[in-house]
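Colleague: Okay, here's the structure, questions in a sec.
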Amino acid sequence: ILDSYNVSATFFLVGFWVEKYPDMVKEIDKRGYEIGNHSENHPKMSQLSKEQLKSEINSVNEKIYNLIGKKPDIFRPPFGDYNNVVIETMEQLNIHTIQWSIDSLDWKEYGKQPLIDRVLKKVKNGDIILCHDLHGTTVDAMESVIPALIEKGYQLVTVSELLTYERDELTAGEVYRRR
């Protein structure tokens, strides 16, 4: 679906999924999509020690590197669960911690139309939309969501492209005020 609309996306991968589907990891990369880290075992990150956090991230990065020759530098914490220790540990690893601004709620499996309605009603410029590729209704919904977003004038980009774009578009004064 992404290919058919020539749009970008970021896939945050869990370590056990990377192990189970190495060919999919390679295919995601081959198609030019961004790969981010989503931890090894999908734990609540705020409940882990610094060493456990590093282990969760480094093991996934190594697995991905061994498959595609690149290590992710972005991380999305499972459940959106983080604290200062998580942020500081990721910064020490030179990894950006990413959240989302719209949760499609696809994981609740309400169905295709509620997902479409939720995303299209809430979307605004600069949003990061959380979806999970393991739910069939998500895939079905994207057949409607993506063209609707394009029709509204949105450009779908990777998380890193979004972060770079927003940073480049700010003046020095705006950067200062936002800190």
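In the structure tokens, each chain is lettered A, B, ... as it comes, each chain's residues begin at 1, and ligands are numbered from 1 in order of appearance.
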List every residue of chain A that DSSP, applied to the backbone of this structure, assigns to alpha helix (DSSP H), and report them as a PyMOL selection string.

Modeller: chain A and resi 2-5+15-20+22-30+50-68+84-92+112-122+136-151+159-169+172-178

Colleague: Excluding range 58-73 of chain A and residues on its chain fewer than 5 positions from it, collect all residues at most 12 Å away from it, counting only C-alpha atoms, and give them as a PyMOL selection string.

Modeller: chain A and resi 10-30+32-42+50-53+89-98+159-160

Colleague: Restrict the selected residues to N, CA and C atoms and save them as a CSV table (one decimal), in the first residue's frame.

Modeller:
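Saved as result.csv:
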```
chain,number,residue,atom,x,y,z
A,10,THR,N,7.9,4.8,8.9
A,10,THR,CA,8.9,4.3,9.8
A,10,THR,C,8.3,3.1,10.5
A,11,PHE,N,9.1,2.0,10.5
A,11,PHE,CA,8.7,0.8,11.2
A,11,PHE,C,9.5,0.6,12.4
A,12,PHE,N,8.9,0.6,13.6
A,12,PHE,CA,9.6,0.3,14.8
A,12,PHE,C,9.5,-1.2,15.1
A,13,LEU,N,10.7,-1.8,15.2
A,13,LEU,CA,10.7,-3.3,15.2
A,13,LEU,C,11.2,-3.8,16.6
A,14,VAL,N,10.5,-4.8,17.0
A,14,VAL,CA,10.8,-5.5,18.3
A,14,VAL,C,11.8,-6.7,18.0
A,15,GLY,N,12.7,-6.9,18.9
A,15,GLY,CA,13.8,-7.9,18.6
A,15,GLY,C,13.3,-9.3,18.3
A,16,PHE,N,12.3,-9.8,19.0
A,16,PHE,CA,11.9,-11.1,18.7
A,16,PHE,C,11.2,-11.2,17.3
A,17,TRP,N,10.6,-10.1,16.9
A,17,TRP,CA,10.0,-10.0,15.5
A,17,TRP,C,11.1,-10.0,14.5
A,18,VAL,N,12.2,-9.3,14.7
A,18,VAL,CA,13.4,-9.3,13.8
A,18,VAL,C,13.9,-10.7,13.7
A,19,GLU,N,14.0,-11.4,14.7
A,19,GLU,CA,14.5,-12.8,14.7
A,19,GLU,C,13.6,-13.7,13.9
A,20,LYS,N,12.3,-13.5,14.1
A,20,LYS,CA,11.4,-14.4,13.4
A,20,LYS,C,11.2,-14.1,11.9
A,21,TYR,N,11.3,-12.8,11.6
A,21,TYR,CA,11.1,-12.4,10.2
A,21,TYR,C,12.2,-11.6,9.6
A,22,PRO,N,13.4,-12.2,9.5
A,22,PRO,CA,14.6,-11.4,9.0
A,22,PRO,C,14.4,-11.0,7.5
A,23,ASP,N,13.7,-11.8,6.8
A,23,ASP,CA,13.5,-11.4,5.4
A,23,ASP,C,12.6,-10.1,5.3
A,24,MET,N,11.6,-10.0,6.2
A,24,MET,CA,10.8,-8.8,6.2
A,24,MET,C,11.6,-7.6,6.6
A,25,VAL,N,12.5,-7.7,7.5
A,25,VAL,CA,13.4,-6.6,7.9
A,25,VAL,C,14.1,-6.1,6.7
A,26,LYS,N,14.7,-7.1,6.0
A,26,LYS,CA,15.5,-6.7,4.7
A,26,LYS,C,14.6,-6.1,3.7
A,27,GLU,N,13.3,-6.6,3.6
A,27,GLU,CA,12.4,-6.0,2.6
A,27,GLU,C,12.0,-4.6,3.0
A,28,ILE,N,11.7,-4.3,4.3
A,28,ILE,CA,11.4,-3.0,4.7
A,28,ILE,C,12.5,-2.0,4.4
A,29,ASP,N,13.7,-2.4,4.6
A,29,ASP,CA,14.9,-1.6,4.3
A,29,ASP,C,15.1,-1.4,2.8
A,30,LYS,N,14.9,-2.5,2.1
A,30,LYS,CA,15.1,-2.5,0.6
A,30,LYS,C,14.1,-1.5,-0.1
A,32,GLY,N,13.1,1.2,1.2
A,32,GLY,CA,13.4,2.5,1.6
A,32,GLY,C,12.7,3.0,2.8
A,33,TYR,N,12.1,2.2,3.5
A,33,TYR,CA,11.4,2.6,4.7
A,33,TYR,C,12.4,2.7,5.9
A,34,GLU,N,12.1,3.6,6.8
A,34,GLU,CA,13.0,3.7,8.0
A,34,GLU,C,12.7,2.6,9.0
A,35,ILE,N,13.7,2.1,9.6
A,35,ILE,CA,13.6,1.1,10.7
A,35,ILE,C,14.0,1.8,12.0
A,36,GLY,N,13.2,1.7,13.0
A,36,GLY,CA,13.5,2.2,14.3
A,36,GLY,C,13.5,1.0,15.3
A,37,ASN,N,13.9,1.2,16.5
A,37,ASN,CA,14.0,0.2,17.5
A,37,ASN,C,12.8,0.3,18.4
A,38,HIS,N,12.2,-0.8,18.8
A,38,HIS,CA,11.0,-0.9,19.6
A,38,HIS,C,11.3,-1.8,20.8
A,39,SER,N,12.5,-2.1,21.1
A,39,SER,CA,13.0,-2.9,22.3
A,39,SER,C,13.1,-4.4,21.9
A,40,GLU,N,13.8,-5.1,22.7
A,40,GLU,CA,13.9,-6.5,22.5
A,40,GLU,C,12.6,-7.3,22.8
A,41,ASN,N,12.1,-7.0,24.0
A,41,ASN,CA,11.0,-7.9,24.5
A,41,ASN,C,9.7,-7.1,24.8
A,42,HIS,N,9.6,-5.9,24.4
A,42,HIS,CA,8.4,-5.0,24.6
A,42,HIS,C,8.0,-4.9,26.0
A,50,LYS,N,19.2,1.1,34.1
A,50,LYS,CA,19.9,1.6,32.9
A,50,LYS,C,20.5,0.4,32.1
A,51,GLU,N,21.1,-0.5,32.8
A,51,GLU,CA,21.7,-1.7,32.2
A,51,GLU,C,20.7,-2.5,31.4
A,52,GLN,N,19.6,-2.7,32.0
A,52,GLN,CA,18.5,-3.4,31.3
A,52,GLN,C,18.0,-2.7,30.0
A,53,LEU,N,17.9,-1.3,30.2
A,53,LEU,CA,17.5,-0.5,29.0
A,53,LEU,C,18.5,-0.6,27.9
A,89,THR,N,19.2,7.5,29.1
A,89,THR,CA,19.9,6.3,28.6
A,89,THR,C,20.0,6.3,27.1
A,90,MET,N,18.9,6.7,26.5
A,90,MET,CA,18.8,6.7,25.0
A,90,MET,C,19.8,7.8,24.5
A,91,GLU,N,19.8,8.9,25.2
A,91,GLU,CA,20.7,10.0,24.8
A,91,GLU,C,22.1,9.5,24.9
A,92,GLN,N,22.5,8.8,25.9
A,92,GLN,CA,23.8,8.2,26.0
A,92,GLN,C,24.2,7.3,24.9
A,93,LEU,N,23.2,6.6,24.4
A,93,LEU,CA,23.4,5.7,23.2
A,93,LEU,C,23.2,6.4,21.9
A,94,ASN,N,23.0,7.8,21.9
A,94,ASN,CA,22.8,8.6,20.7
A,94,ASN,C,21.6,8.1,19.9
A,95,ILE,N,20.5,7.9,20.7
A,95,ILE,CA,19.3,7.4,20.1
A,95,ILE,C,18.2,8.4,20.5
A,96,HIS,N,17.4,8.8,19.6
A,96,HIS,CA,16.3,9.7,19.8
A,96,HIS,C,15.0,8.9,20.2
A,97,THR,N,14.4,9.3,21.3
A,97,THR,CA,13.2,8.7,21.8
A,97,THR,C,12.0,9.4,21.1
A,98,ILE,N,11.2,8.6,20.5
A,98,ILE,CA,10.0,9.1,19.8
A,98,ILE,C,8.7,8.7,20.4
A,159,VAL,N,9.9,9.3,10.3
A,159,VAL,CA,10.0,10.1,11.5
A,159,VAL,C,11.3,10.9,11.4
A,160,SER,N,12.4,10.4,11.0
A,160,SER,CA,13.6,11.2,10.9
A,160,SER,C,13.5,12.3,9.9
```

Colleague: Quick check, in Å to one decimal: how far apart do CA of Ala9 in chain A and CA of Val86 in chain A lie?

Modeller: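 Rounded to one decimal, the two atoms are 24.3 Å apart.
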
Colleague: For Gly126 in chain A, work out the shell of residues within 12 Å, counting only C-alpha atoms and skipping chain neighbours fewer than 5 positions away, then give it as a PyMOL selection string.

Modeller: chain A and resi 100-102+154-167+169

Colleague: With a distance cut-off of 10 Å and only C-alpha atoms, select the neighbouring residues of Lys122 in chain A, excluding the residue or stretch itself and same-chain residues fewer than 4 positions from it, and output the selection as a VMD selection string.

Modeller: chain A and resid 101 to 104 117 to 118 127 129

Colleague: Please save all heavy atoms of the selected residues as a compact mmCIF listing (two decimals), in the first residue's frame.

Modeller:
```txt
# COMPACT_ATOMS: atom_id res chain seq x y z
N SER A 101 1.65 11.42 18.17
CA SER A 101 0.66 12.44 18.51
C SER A 101 -0.75 11.95 18.24
O SER A 101 -1.71 12.50 18.79
CB SER A 101 0.94 13.73 17.74
OG SER A 101 1.13 13.46 16.38
N ILE A 102 -0.90 10.92 17.41
CA ILE A 102 -2.21 10.31 17.17
C ILE A 102 -2.08 8.81 17.33
O ILE A 102 -1.28 8.18 16.63
CB ILE A 102 -2.75 10.62 15.75
CG1 ILE A 102 -2.96 12.11 15.56
CG2 ILE A 102 -4.04 9.85 15.49
CD1 ILE A 102 -3.42 12.50 14.17
N ASP A 103 -2.83 8.27 18.24
CA ASP A 103 -2.91 6.81 18.39
C ASP A 103 -4.14 6.36 17.60
O ASP A 103 -5.26 6.74 17.93
CB ASP A 103 -3.04 6.44 19.87
CG ASP A 103 -3.02 4.94 20.12
OD1 ASP A 103 -3.11 4.17 19.14
OD2 ASP A 103 -2.91 4.55 21.30
N SER A 104 -3.92 5.56 16.58
CA SER A 104 -5.03 5.09 15.76
C SER A 104 -5.95 4.15 16.53
O SER A 104 -7.06 3.88 16.10
CB SER A 104 -4.50 4.38 14.51
OG SER A 104 -3.90 3.14 14.87
N ASP A 117 -11.76 7.08 10.68
CA ASP A 117 -12.38 8.30 11.22
C ASP A 117 -11.49 8.96 12.26
O ASP A 117 -11.33 10.19 12.27
CB ASP A 117 -13.75 7.98 11.83
CG ASP A 117 -14.76 7.51 10.80
OD1 ASP A 117 -14.54 7.71 9.58
OD2 ASP A 117 -15.77 6.90 11.21
N ARG A 118 -10.93 8.18 13.14
CA ARG A 118 -10.09 8.73 14.22
C ARG A 118 -8.88 9.47 13.65
O ARG A 118 -8.58 10.60 14.05
CB ARG A 118 -9.64 7.61 15.14
CG ARG A 118 -8.77 8.09 16.28
CD ARG A 118 -8.54 6.97 17.29
NE ARG A 118 -7.65 7.39 18.35
CZ ARG A 118 -8.00 8.11 19.40
NH1 ARG A 118 -9.26 8.51 19.54
NH2 ARG A 118 -7.13 8.45 20.32
N ASP A 127 2.09 15.66 12.62
CA ASP A 127 1.68 14.53 13.46
C ASP A 127 2.47 13.26 13.14
O ASP A 127 2.88 13.03 12.00
CB ASP A 127 0.19 14.22 13.29
CG ASP A 127 -0.69 15.09 14.16
OD1 ASP A 127 -0.24 15.53 15.23
OD2 ASP A 127 -1.84 15.33 13.77
N ILE A 129 1.59 9.35 13.46
CA ILE A 129 0.43 8.48 13.63
C ILE A 129 0.91 7.08 14.00
O ILE A 129 1.68 6.47 13.28
CB ILE A 129 -0.41 8.44 12.34
CG1 ILE A 129 -0.85 9.86 11.96
CG2 ILE A 129 -1.62 7.52 12.53
CD1 ILE A 129 -1.43 9.97 10.57
```

Colleague: Which of range 1-178 of chain A counts as strand (DSSP E) under DSSP, as a PyMOL selection string please?

Modeller: chain A and resi 10-13+34-37+74-75+96-97+102-103+129-130

Colleague: Need to verify the contact set: Lys44 in chain A, 8 Å, only C-alpha atoms, exclusion of same-chain residues closer than 5 positions in sequence. Can you return it as a ChimeraX atom specification?

Modeller: /A:77-79,81-82

Colleague: Write out as a PDB file with all heavy atoms, in the first residue's frame which residues come within 12 Å of Ser4 in chain A when counting only C-alpha atoms, dropping same-chain ones fewer than 2 positions away.

Modeller:
```pdb
ATOM      1  N   ILE A   1       0.846  -1.201   0.000  1.00  0.00           N
ATOM      2  CA  ILE A   1       0.000   0.000   0.000  1.00  0.00           C
ATOM      3  C   ILE A   1       0.878   1.246   0.000  1.00  0.00           C
ATOM      4  O   ILE A   1       0.645   2.170  -0.765  1.00  0.00           O
ATOM      5  CB  ILE A   1      -0.960   0.009   1.215  1.00  0.00           C
ATOM      6  CG1 ILE A   1      -1.954  -1.159   1.110  1.00  0.00           C
ATOM      7  CG2 ILE A   1      -1.694   1.330   1.313  1.00  0.00           C
ATOM      8  CD1 ILE A   1      -2.744  -1.404   2.372  1.00  0.00           C
ATOM      9  N   LEU A   2       1.891   1.261   0.849  1.00  0.00           N
ATOM     10  CA  LEU A   2       2.804   2.405   0.900  1.00  0.00           C
ATOM     11  C   LEU A   2       3.469   2.615  -0.451  1.00  0.00           C
ATOM     12  O   LEU A   2       3.557   3.740  -0.942  1.00  0.00           O
ATOM     13  CB  LEU A   2       3.854   2.204   1.993  1.00  0.00           C
ATOM     14  CG  LEU A   2       3.336   2.137   3.429  1.00  0.00           C
ATOM     15  CD1 LEU A   2       4.428   1.631   4.362  1.00  0.00           C
ATOM     16  CD2 LEU A   2       2.809   3.477   3.887  1.00  0.00           C
ATOM     17  N   ASN A   6       3.544   5.726  -3.146  1.00  0.00           N
ATOM     18  CA  ASN A   6       4.875   6.339  -3.125  1.00  0.00           C
ATOM     19  C   ASN A   6       5.065   7.223  -1.893  1.00  0.00           C
ATOM     20  O   ASN A   6       5.474   8.372  -2.001  1.00  0.00           O
ATOM     21  CB  ASN A   6       5.124   7.127  -4.424  1.00  0.00           C
ATOM     22  CG  ASN A   6       6.588   7.449  -4.611  1.00  0.00           C
ATOM     23  OD1 ASN A   6       7.457   6.681  -4.199  1.00  0.00           O
ATOM     24  ND2 ASN A   6       6.866   8.587  -5.220  1.00  0.00           N
ATOM     25  N   VAL A   7       4.736   6.658  -0.729  1.00  0.00           N
ATOM     26  CA  VAL A   7       4.891   7.393   0.521  1.00  0.00           C
ATOM     27  C   VAL A   7       5.887   6.675   1.424  1.00  0.00           C
ATOM     28  O   VAL A   7       6.160   5.488   1.260  1.00  0.00           O
ATOM     29  CB  VAL A   7       3.541   7.585   1.257  1.00  0.00           C
ATOM     30  CG1 VAL A   7       2.594   8.413   0.413  1.00  0.00           C
ATOM     31  CG2 VAL A   7       2.912   6.257   1.633  1.00  0.00           C
ATOM     32  N   SER A   8       6.397   7.401   2.383  1.00  0.00           N
ATOM     33  CA  SER A   8       7.374   6.861   3.325  1.00  0.00           C
ATOM     34  C   SER A   8       6.696   6.498   4.640  1.00  0.00           C
ATOM     35  O   SER A   8       5.605   6.968   4.942  1.00  0.00           O
ATOM     36  CB  SER A   8       8.465   7.895   3.605  1.00  0.00           C
ATOM     37  OG  SER A   8       9.195   8.160   2.444  1.00  0.00           O
ATOM     38  N   ARG A  31      12.916  -1.445   0.493  1.00  0.00           N
ATOM     39  CA  ARG A  31      11.895  -0.551  -0.067  1.00  0.00           C
ATOM     40  C   ARG A  31      12.096   0.903   0.356  1.00  0.00           C
ATOM     41  O   ARG A  31      11.337   1.778  -0.041  1.00  0.00           O
ATOM     42  CB  ARG A  31      10.505  -1.025   0.324  1.00  0.00           C
ATOM     43  CG  ARG A  31      10.135  -2.318  -0.368  1.00  0.00           C
ATOM     44  CD  ARG A  31       8.779  -2.799   0.056  1.00  0.00           C
ATOM     45  NE  ARG A  31       8.505  -4.105  -0.503  1.00  0.00           N
ATOM     46  CZ  ARG A  31       7.356  -4.435  -1.067  1.00  0.00           C
ATOM     47  NH1 ARG A  31       6.374  -3.559  -1.132  1.00  0.00           N
ATOM     48  NH2 ARG A  31       7.179  -5.632  -1.545  1.00  0.00           N
ATOM     49  N   MET A 142      -5.527   1.589   5.895  1.00  0.00           N
ATOM     50  CA  MET A 142      -4.521   2.408   5.201  1.00  0.00           C
ATOM     51  C   MET A 142      -4.874   2.619   3.734  1.00  0.00           C
ATOM     52  O   MET A 142      -4.495   3.615   3.137  1.00  0.00           O
ATOM     53  CB  MET A 142      -3.134   1.792   5.337  1.00  0.00           C
ATOM     54  CG  MET A 142      -2.544   1.872   6.741  1.00  0.00           C
ATOM     55  SD  MET A 142      -2.471   3.544   7.420  1.00  0.00           S
ATOM     56  CE  MET A 142      -3.762   3.477   8.661  1.00  0.00           C
ATOM     57  N   GLU A 143      -5.649   1.695   3.166  1.00  0.00           N
ATOM     58  CA  GLU A 143      -6.107   1.857   1.777  1.00  0.00           C
ATOM     59  C   GLU A 143      -6.985   3.101   1.624  1.00  0.00           C
ATOM     60  O   GLU A 143      -7.081   3.655   0.539  1.00  0.00           O
ATOM     61  CB  GLU A 143      -6.877   0.612   1.323  1.00  0.00           C
ATOM     62  CG  GLU A 143      -6.053  -0.638   1.373  1.00  0.00           C
ATOM     63  CD  GLU A 143      -5.798  -1.260   0.018  1.00  0.00           C
ATOM     64  OE1 GLU A 143      -6.112  -0.625  -1.008  1.00  0.00           O
ATOM     65  OE2 GLU A 143      -5.263  -2.363   0.001  1.00  0.00           O
ATOM     66  N   ILE A 146      -4.386   6.685   3.633  1.00  0.00           N
ATOM     67  CA  ILE A 146      -3.272   7.274   2.873  1.00  0.00           C
ATOM     68  C   ILE A 146      -3.764   8.177   1.748  1.00  0.00           C
ATOM     69  O   ILE A 146      -3.344   9.341   1.667  1.00  0.00           O
ATOM     70  CB  ILE A 146      -2.297   6.191   2.385  1.00  0.00           C
ATOM     71  CG1 ILE A 146      -1.571   5.580   3.591  1.00  0.00           C
ATOM     72  CG2 ILE A 146      -1.292   6.761   1.380  1.00  0.00           C
ATOM     73  CD1 ILE A 146      -0.731   4.360   3.272  1.00  0.00           C
ATOM     74  N   PRO A 147      -4.658   7.721   0.853  1.00  0.00           N
ATOM     75  CA  PRO A 147      -5.104   8.647  -0.197  1.00  0.00           C
ATOM     76  C   PRO A 147      -5.854   9.861   0.353  1.00  0.00           C
ATOM     77  O   PRO A 147      -5.755  10.959  -0.203  1.00  0.00           O
ATOM     78  CB  PRO A 147      -5.997   7.792  -1.090  1.00  0.00           C
ATOM     79  CG  PRO A 147      -6.302   6.563  -0.336  1.00  0.00           C
ATOM     80  CD  PRO A 147      -5.222   6.387   0.683  1.00  0.00           C
TER      81      PRO A 147
END
```
